[in-house]
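The next block holds one structure in the form of structure tokens; read it before the comments.
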Number of protein chains: 2
Amino acid sequence: MDTSWKNIDYLLDGIKDANRVILARAITLVESLSKDDQILANELLNALPRPTSISRRIAVSGSPGVGKSTFIESLGMQLANNGEKVAVLAIDPSSSQSKGSILGDKTRMEQLSRHPNAYIRPSPAGETLGGVARSTYASILICEAAGFNHLLIETVGVGQSEITARQLCDFFILLLLPGAGDDLQGIKKGIMESADLLFINKADGPQSERALDTLASYKQALHLYAARLDDWMVPVLTGSAFENKGISEVLQNINKYFNGHESFLLQRRSAQLQYWFRNFLEERIKNFLMGNEEAENVLIATTRKLESGAITPFEASEQAFRSLVELAQKNA
Amino acid sequence: MDTSWKNIDYLLDGIKDANRVILARAITLVESLSKDDQILANELLNALPRPTSISRRIAVSGSPGVGKSTFIESLGMQLANNGEKVAVLAIDPSSSQSKGSILGDKTRMEQLSRHPNAYIRPSPAGETLGGVARSTYASILICEAAGFNHLLIETVGVGQSEITARQLCDFFILLLLPGAGDDLQGIKKGIMESADLLFINKADGPQSERALDTLASYKQALHLYAARLDDWMVPVLTGSAFENKGISEVLQNINKYFNGHESFLLQRRSAQLQYWFRNFLEERIKNFLMGNEEAENVLIATTRKLESGAITPFEASEQAFRSLVELAQKNA
């Protein structure tokens, strides 16, 4: 494989020019699990020029089939046509199984992918969620350094990936379908509570009326939540991304949020910085002590003793810990 | 404080005699966060005599107000009257805030607490969930060494504490109320799926009929799940712990499960051993590198740099990691 492009200056220049090919290479580098690549990636990330203005990081979530790609294309096209620079990223921990179930197929955002103001990054395959979070965060920084001021982050509406998305974005949009209750849509209470906007998609044709009922019940449900720290009244909108219906209203609300909560957003970004610092540090510590063959052998040997009944899990963790520290000191 | 009782032989003798005072002291020791106590606790746990027969570890979960204490008292009394030795423990990560919201008040299990075959341990206060899991597991081993062959583990029906309970028990009972749907009862799908028995409590008086409807809908809901690895058909029962109604049926089902799934139960115990080994090991590693003042200072200094914008979270985690390893090597 040609690795001549693995050069910080080459990558930095390409990122500054928003060169799509080099952008893709830089993201491939930060996604790589190889140790050498990760060292280079950290160097690159640290050398990135700071963006001249604060970007808008917007996450879009919802159950499979709710129409996330169509929504992102419709919203992204409006932004791009307004002259904004739009990058689309994905958090998809399932992609290792499904071989890239979201964003994998660029044709799903056909118009947007050809727009000169847009860049779509297919979701990386074969990673753990920890790795996905890390590389999505790195991709955000790279795209921002390349001048993209709107980051649209697509995420599947399941478990930990939404928490990750929430910690990576400024504004969280939850897509819903007309008719189904939130229990049926698999929406967790925590996610509902942390959404900044609800959009009931596919409110077209015979579904339009059901969407209004759904709208009413979600509006009511939101009243049950405690007032938010940012005093934002979460809008519940209906529309159809496929017909570009309701997307302008979404955009208006996004603008309203970003133009009225500057200090809150800065605080949130600062909290996110700390969250990811701790998160990456814990991962780093675990990898240091457990991410190699010798360490794996320690764990296997201890597990064998544990299963024989010779030691309790308490003693097993102590013994393994001492062996791992010895190993780490030997290899340091 | 008198610490003369902190002696392995004294504690071991008392545990073998099922001496309630010494049992309480041993559990206090394993709950202690002091470093010296933890070393002694590990020694004690490793020296515990192995129980002569396999115990039954039964977790009881459900939302606040569902009647967990009353259910445990009723079930525990039947077991104790049958000559079984019953220990009651709690997993209650909220107790630090609520000052022991469950089991704190022994009078709630008045009869059972006076029964010669029973031992009730109030829930520990002021711990993290990680600490609660660790000390509950240790308490299980101590009670088993003391001859208790039925462990009833009460847990509040929220989040991580149920996952912890599931990993500590052989049989998981979920309590429900008549009438309310599982969305309203705050039951997560994962918990519903991992329950071995559902009991609709408070099915008395005017609620009896509603309980039958609830029973029917939960039976139907369970049909939607994939077949279980142990081929167990999860029973859904109604009753009233307060009136001792339905508790015999619960007991029959427990017996049926334990007498028909021996090899599955052994496999599960083995998987649990490994789960806790890894879990304790990760905690141990984190404490080693982060659990002291010098380490805290490293984190604070790095956070300051991070917030100034001088470094990214990627670089911050690398820098903090290198400083922590140096510290650990210095102090090793």
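Following the order of the structure tokens, first chain is A, next is B, and so on, with residues numbered from 1 inside each chain and ligands from 1 in the order they appear.
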Only residues of chain B matter here; which ones have an atom within 6 Å of chain A, counting only C-alpha atoms? Give them as a PDB file with N, CA and C atoms, in the first residue's frame.
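Written out: selection.pdb:
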ATOM      1  N   PHE B 277     -14.115 -10.834  37.564  1.00  0.00           N
ATOM      2  CA  PHE B 277     -12.650 -10.762  37.498  1.00  0.00           C
ATOM      3  C   PHE B 277     -12.224  -9.568  36.635  1.00  0.00           C
ATOM      4  N   PHE B 280     -13.344  -6.176  38.290  1.00  0.00           N
ATOM      5  CA  PHE B 280     -12.498  -5.774  39.425  1.00  0.00           C
ATOM      6  C   PHE B 280     -11.109  -5.354  38.941  1.00  0.00           C
ATOM      7  N   LEU B 281     -10.620  -6.063  37.940  1.00  0.00           N
ATOM      8  CA  LEU B 281      -9.292  -5.740  37.409  1.00  0.00           C
ATOM      9  C   LEU B 281      -9.262  -4.326  36.815  1.00  0.00           C
ATOM     10  N   PRO B 313      -8.170  17.003  23.278  1.00  0.00           N
ATOM     11  CA  PRO B 313      -8.366  15.912  24.245  1.00  0.00           C
ATOM     12  C   PRO B 313      -7.469  14.713  23.920  1.00  0.00           C
ATOM     13  N   SER B 317      -4.925  13.397  26.742  1.00  0.00           N
ATOM     14  CA  SER B 317      -4.943  12.056  27.320  1.00  0.00           C
ATOM     15  C   SER B 317      -3.564  11.410  27.233  1.00  0.00           C
TER      16      SER B 317
END
Note to self: Please return, as a list in words, all residues of stretch 123-253 of chain B that DSSP assigns to strand (DSSP E or B) on the basis of the backbone.
What the structure shows: His150, Leu151, Leu152, Ile153, Glu154, Thr155, Val156, Phe171, Phe172, Ile173, Leu174, Leu175, Leu176, Leu197, Leu198, Phe199, Ile200, Val236, Leu237, Thr238, Ser240 and Lys245 of chain B
Next item on the list: One decimal, Å: what's the distance from atom CA of A:Ala133 over to atom CA of A:Glu154, could you say?
Entry: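 One can read the atom CA of A:Ala133 to atom CA of A:Glu154 distance as 12.3 Å.
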Margin query: Set the distance at 12 Å and use only C-alpha atoms: which residues neighbour A:Ala24 once local chain neighbours fewer than 5 positions away are removed? I'd like the list as a ChimeraX atom specification.
Written below: /A:5,11,14-15,18-19,29-31,87,89,119-124,139,142-143,146
Keeping only N, CA and C atoms, write those residues as a PDB file, in the first residue's frame.
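For reference, selection.pdb as written:
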ATOM      1  N   TRP A   5       1.735   9.289   1.513  1.00  0.00           N
ATOM      2  CA  TRP A   5       0.895  10.407   1.948  1.00  0.00           C
ATOM      3  C   TRP A   5       0.911  10.576   3.476  1.00  0.00           C
ATOM      4  N   LEU A  11      -0.600  16.433   4.672  1.00  0.00           N
ATOM      5  CA  LEU A  11      -1.990  16.324   5.129  1.00  0.00           C
ATOM      6  C   LEU A  11      -2.522  17.698   5.560  1.00  0.00           C
ATOM      7  N   GLY A  14      -3.353  19.828   2.571  1.00  0.00           N
ATOM      8  CA  GLY A  14      -4.565  19.348   1.908  1.00  0.00           C
ATOM      9  C   GLY A  14      -5.811  19.692   2.699  1.00  0.00           C
ATOM     10  N   ILE A  15      -5.720  19.589   4.035  1.00  0.00           N
ATOM     11  CA  ILE A  15      -6.873  19.913   4.884  1.00  0.00           C
ATOM     12  C   ILE A  15      -7.200  21.401   4.748  1.00  0.00           C
ATOM     13  N   ALA A  18      -9.127  22.075   1.882  1.00  0.00           N
ATOM     14  CA  ALA A  18     -10.345  21.260   1.804  1.00  0.00           C
ATOM     15  C   ALA A  18     -10.304  20.307   0.615  1.00  0.00           C
ATOM     16  N   ASN A  19      -9.132  19.798   0.307  1.00  0.00           N
ATOM     17  CA  ASN A  19      -8.977  18.809  -0.761  1.00  0.00           C
ATOM     18  C   ASN A  19      -9.634  17.495  -0.328  1.00  0.00           C
ATOM     19  N   LEU A  29      -6.440   8.008   8.409  1.00  0.00           N
ATOM     20  CA  LEU A  29      -5.326   7.934   9.365  1.00  0.00           C
ATOM     21  C   LEU A  29      -5.826   7.931  10.808  1.00  0.00           C
ATOM     22  N   VAL A  30      -6.750   8.839  11.144  1.00  0.00           N
ATOM     23  CA  VAL A  30      -7.213   8.892  12.540  1.00  0.00           C
ATOM     24  C   VAL A  30      -8.085   7.684  12.884  1.00  0.00           C
ATOM     25  N   GLU A  31      -8.633   7.022  11.861  1.00  0.00           N
ATOM     26  CA  GLU A  31      -9.423   5.814  12.119  1.00  0.00           C
ATOM     27  C   GLU A  31      -8.553   4.575  12.296  1.00  0.00           C
ATOM     28  N   ALA A  87     -20.317  19.109   6.406  1.00  0.00           N
ATOM     29  CA  ALA A  87     -19.693  17.785   6.425  1.00  0.00           C
ATOM     30  C   ALA A  87     -20.626  16.811   7.124  1.00  0.00           C
ATOM     31  N   LEU A  89     -20.954  13.124   8.913  1.00  0.00           N
ATOM     32  CA  LEU A  89     -20.204  12.026   9.521  1.00  0.00           C
ATOM     33  C   LEU A  89     -21.196  11.044  10.137  1.00  0.00           C
ATOM     34  N   TYR A 119     -19.297  17.615   2.097  1.00  0.00           N
ATOM     35  CA  TYR A 119     -18.387  16.471   2.121  1.00  0.00           C
ATOM     36  C   TYR A 119     -19.040  15.375   2.952  1.00  0.00           C
ATOM     37  N   ILE A 120     -19.177  14.185   2.363  1.00  0.00           N
ATOM     38  CA  ILE A 120     -19.814  13.078   3.080  1.00  0.00           C
ATOM     39  C   ILE A 120     -18.787  11.995   3.332  1.00  0.00           C
ATOM     40  N   ARG A 121     -18.649  11.647   4.582  1.00  0.00           N
ATOM     41  CA  ARG A 121     -17.701  10.599   4.953  1.00  0.00           C
ATOM     42  C   ARG A 121     -18.478   9.327   5.255  1.00  0.00           C
ATOM     43  N   PRO A 122     -18.264   8.252   4.476  1.00  0.00           N
ATOM     44  CA  PRO A 122     -18.959   6.998   4.783  1.00  0.00           C
ATOM     45  C   PRO A 122     -18.525   6.515   6.164  1.00  0.00           C
ATOM     46  N   SER A 123     -19.388   5.770   6.821  1.00  0.00           N
ATOM     47  CA  SER A 123     -19.064   5.369   8.196  1.00  0.00           C
ATOM     48  C   SER A 123     -17.967   4.318   8.190  1.00  0.00           C
ATOM     49  N   PRO A 124     -17.055   4.416   9.139  1.00  0.00           N
ATOM     50  CA  PRO A 124     -15.953   3.466   9.212  1.00  0.00           C
ATOM     51  C   PRO A 124     -16.480   2.081   9.600  1.00  0.00           C
ATOM     52  N   SER A 139     -12.489  13.215  13.335  1.00  0.00           N
ATOM     53  CA  SER A 139     -12.978  13.627  12.015  1.00  0.00           C
ATOM     54  C   SER A 139     -13.655  14.992  12.084  1.00  0.00           C
ATOM     55  N   ILE A 142     -10.951  17.583  12.088  1.00  0.00           N
ATOM     56  CA  ILE A 142     -10.337  17.694  10.761  1.00  0.00           C
ATOM     57  C   ILE A 142     -11.247  18.478   9.810  1.00  0.00           C
ATOM     58  N   CYS A 143     -12.531  18.119   9.800  1.00  0.00           N
ATOM     59  CA  CYS A 143     -13.461  18.808   8.899  1.00  0.00           C
ATOM     60  C   CYS A 143     -13.568  20.287   9.267  1.00  0.00           C
ATOM     61  N   ALA A 146     -10.789  22.133   7.976  1.00  0.00           N
ATOM     62  CA  ALA A 146     -10.914  22.280   6.526  1.00  0.00           C
ATOM     63  C   ALA A 146     -11.964  23.326   6.153  1.00  0.00           C
TER      64      ALA A 146
END
Checklist line | Spatial neighbours of stretch 262-268 of chain A, 10 Å, only C-alpha atoms, chain gap at least 6 places, as a ChimeraX atom specification | finding: /A:54,56,167-171,229-230,274
Check: Counting only C-alpha atoms, what is within 12 Å of A:Pro178, bar same-chain residues fewer than 4 positions away, as a list in words?
Finding: Val66, Asp182, Leu184, Gln185, Leu198, Phe199, Ile200, Asn201, Lys202, Ala203, Asp204, Gly205, Pro206, Gln207, Ser208, Glu209, Arg210, Ala211, Leu212, Asp213, Thr214, Leu215, Ala216, Ser217, Tyr218, Leu237, Thr238, Gly239 and Ser240 of chain A
Output N, CA and C atoms of each residue in that selection to a file, as a PDB file, in the first residue's frame.
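File selection_6.pdb, as written:
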ATOM      1  N   VAL A  66     -36.502   5.438  10.061  1.00  0.00           N
ATOM      2  CA  VAL A  66     -37.178   6.703  10.334  1.00  0.00           C
ATOM      3  C   VAL A  66     -36.814   7.755   9.276  1.00  0.00           C
ATOM      4  N   ASP A 182     -43.508   6.099  21.943  1.00  0.00           N
ATOM      5  CA  ASP A 182     -42.047   6.068  22.076  1.00  0.00           C
ATOM      6  C   ASP A 182     -41.553   4.708  22.533  1.00  0.00           C
ATOM      7  N   LEU A 184     -42.744   1.939  21.395  1.00  0.00           N
ATOM      8  CA  LEU A 184     -42.659   1.157  20.160  1.00  0.00           C
ATOM      9  C   LEU A 184     -41.509   1.624  19.281  1.00  0.00           C
ATOM     10  N   GLN A 185     -41.145   2.880  19.412  1.00  0.00           N
ATOM     11  CA  GLN A 185     -40.055   3.404  18.594  1.00  0.00           C
ATOM     12  C   GLN A 185     -38.693   3.131  19.236  1.00  0.00           C
ATOM     13  N   LEU A 198     -37.521  17.656  18.235  1.00  0.00           N
ATOM     14  CA  LEU A 198     -38.125  16.409  17.748  1.00  0.00           C
ATOM     15  C   LEU A 198     -38.753  16.686  16.387  1.00  0.00           C
ATOM     16  N   PHE A 199     -38.504  15.800  15.446  1.00  0.00           N
ATOM     17  CA  PHE A 199     -39.080  15.964  14.109  1.00  0.00           C
ATOM     18  C   PHE A 199     -39.807  14.671  13.739  1.00  0.00           C
ATOM     19  N   ILE A 200     -41.118  14.790  13.555  1.00  0.00           N
ATOM     20  CA  ILE A 200     -41.897  13.618  13.160  1.00  0.00           C
ATOM     21  C   ILE A 200     -41.871  13.547  11.639  1.00  0.00           C
ATOM     22  N   ASN A 201     -41.054  12.642  11.147  1.00  0.00           N
ATOM     23  CA  ASN A 201     -40.806  12.526   9.708  1.00  0.00           C
ATOM     24  C   ASN A 201     -41.884  11.665   9.036  1.00  0.00           C
ATOM     25  N   LYS A 202     -41.858  11.661   7.722  1.00  0.00           N
ATOM     26  CA  LYS A 202     -42.798  10.868   6.915  1.00  0.00           C
ATOM     27  C   LYS A 202     -44.257  11.258   7.179  1.00  0.00           C
ATOM     28  N   ALA A 203     -44.439  12.552   7.541  1.00  0.00           N
ATOM     29  CA  ALA A 203     -45.794  13.051   7.744  1.00  0.00           C
ATOM     30  C   ALA A 203     -46.338  13.487   6.396  1.00  0.00           C
ATOM     31  N   ASP A 204     -46.549  12.525   5.501  1.00  0.00           N
ATOM     32  CA  ASP A 204     -47.085  12.861   4.191  1.00  0.00           C
ATOM     33  C   ASP A 204     -48.237  11.918   3.852  1.00  0.00           C
ATOM     34  N   GLY A 205     -49.033  12.312   2.878  1.00  0.00           N
ATOM     35  CA  GLY A 205     -50.154  11.497   2.431  1.00  0.00           C
ATOM     36  C   GLY A 205     -51.045  11.085   3.596  1.00  0.00           C
ATOM     37  N   PRO A 206     -51.374   9.796   3.638  1.00  0.00           N
ATOM     38  CA  PRO A 206     -52.325   9.337   4.659  1.00  0.00           C
ATOM     39  C   PRO A 206     -51.767   9.436   6.087  1.00  0.00           C
ATOM     40  N   GLN A 207     -50.467   9.661   6.213  1.00  0.00           N
ATOM     41  CA  GLN A 207     -49.859   9.710   7.542  1.00  0.00           C
ATOM     42  C   GLN A 207     -49.950  11.101   8.177  1.00  0.00           C
ATOM     43  N   SER A 208     -50.358  12.102   7.380  1.00  0.00           N
ATOM     44  CA  SER A 208     -50.321  13.481   7.867  1.00  0.00           C
ATOM     45  C   SER A 208     -51.135  13.653   9.146  1.00  0.00           C
ATOM     46  N   GLU A 209     -52.322  13.035   9.159  1.00  0.00           N
ATOM     47  CA  GLU A 209     -53.195  13.233  10.305  1.00  0.00           C
ATOM     48  C   GLU A 209     -52.655  12.533  11.555  1.00  0.00           C
ATOM     49  N   ARG A 210     -52.150  11.321  11.355  1.00  0.00           N
ATOM     50  CA  ARG A 210     -51.577  10.592  12.498  1.00  0.00           C
ATOM     51  C   ARG A 210     -50.410  11.375  13.080  1.00  0.00           C
ATOM     52  N   ALA A 211     -49.660  12.033  12.193  1.00  0.00           N
ATOM     53  CA  ALA A 211     -48.500  12.796  12.655  1.00  0.00           C
ATOM     54  C   ALA A 211     -48.924  13.896  13.618  1.00  0.00           C
ATOM     55  N   LEU A 212     -50.108  14.481  13.361  1.00  0.00           N
ATOM     56  CA  LEU A 212     -50.582  15.547  14.246  1.00  0.00           C
ATOM     57  C   LEU A 212     -50.896  15.012  15.639  1.00  0.00           C
ATOM     58  N   ASP A 213     -51.497  13.809  15.687  1.00  0.00           N
ATOM     59  CA  ASP A 213     -51.748  13.178  16.984  1.00  0.00           C
ATOM     60  C   ASP A 213     -50.431  12.916  17.709  1.00  0.00           C
ATOM     61  N   THR A 214     -49.456  12.387  16.937  1.00  0.00           N
ATOM     62  CA  THR A 214     -48.151  12.081  17.525  1.00  0.00           C
ATOM     63  C   THR A 214     -47.513  13.352  18.065  1.00  0.00           C
ATOM     64  N   LEU A 215     -47.621  14.411  17.258  1.00  0.00           N
ATOM     65  CA  LEU A 215     -47.104  15.713  17.680  1.00  0.00           C
ATOM     66  C   LEU A 215     -47.695  16.120  19.021  1.00  0.00           C
ATOM     67  N   ALA A 216     -49.020  16.004  19.129  1.00  0.00           N
ATOM     68  CA  ALA A 216     -49.691  16.419  20.363  1.00  0.00           C
ATOM     69  C   ALA A 216     -49.199  15.593  21.548  1.00  0.00           C
ATOM     70  N   SER A 217     -49.044  14.284  21.348  1.00  0.00           N
ATOM     71  CA  SER A 217     -48.662  13.492  22.519  1.00  0.00           C
ATOM     72  C   SER A 217     -47.217  13.728  22.928  1.00  0.00           C
ATOM     73  N   TYR A 218     -46.335  13.988  21.945  1.00  0.00           N
ATOM     74  CA  TYR A 218     -44.958  14.286  22.332  1.00  0.00           C
ATOM     75  C   TYR A 218     -44.842  15.656  23.005  1.00  0.00           C
ATOM     76  N   LEU A 237     -41.812  19.204  15.706  1.00  0.00           N
ATOM     77  CA  LEU A 237     -42.263  19.582  14.368  1.00  0.00           C
ATOM     78  C   LEU A 237     -42.678  18.344  13.582  1.00  0.00           C
ATOM     79  N   THR A 238     -43.541  18.532  12.609  1.00  0.00           N
ATOM     80  CA  THR A 238     -43.838  17.433  11.689  1.00  0.00           C
ATOM     81  C   THR A 238     -43.387  17.847  10.289  1.00  0.00           C
ATOM     82  N   GLY A 239     -43.185  16.859   9.449  1.00  0.00           N
ATOM     83  CA  GLY A 239     -42.767  17.168   8.094  1.00  0.00           C
ATOM     84  C   GLY A 239     -42.417  15.915   7.328  1.00  0.00           C
ATOM     85  N   SER A 240     -41.825  16.122   6.163  1.00  0.00           N
ATOM     86  CA  SER A 240     -41.417  14.999   5.333  1.00  0.00           C
ATOM     87  C   SER A 240     -40.105  15.377   4.653  1.00  0.00           C
TER      88      SER A 240
END
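Atom pair atom CA of A:Ser34 / atom CA of A:Ser161 has a distance of 23.4 Å (rounded to one decimal).
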Checklist line | 6 Å contact set for A:Ala241, only C-alpha atoms, chain neighbours under 3 positions out, as JSON, numbers by chain | finding: {"A": [70, 71, 74, 244, 245]}
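Atom pair atom CA of B:Lys256 / atom CA of B:Gly83 has a distance of 18.3 Å (rounded to one decimal).
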Next item on the list: Enumerate as a PyMOL selection string all residues of stretch 73-283 of chain A assigned to alpha helix (DSSP H) by DSSP on the backbone, naming them with the chain letters and numbers the document uses.
Entry: chain A and resi 73-81+95-98+110-114+129-145+160-168+189-194+208-223+247-258+262-283
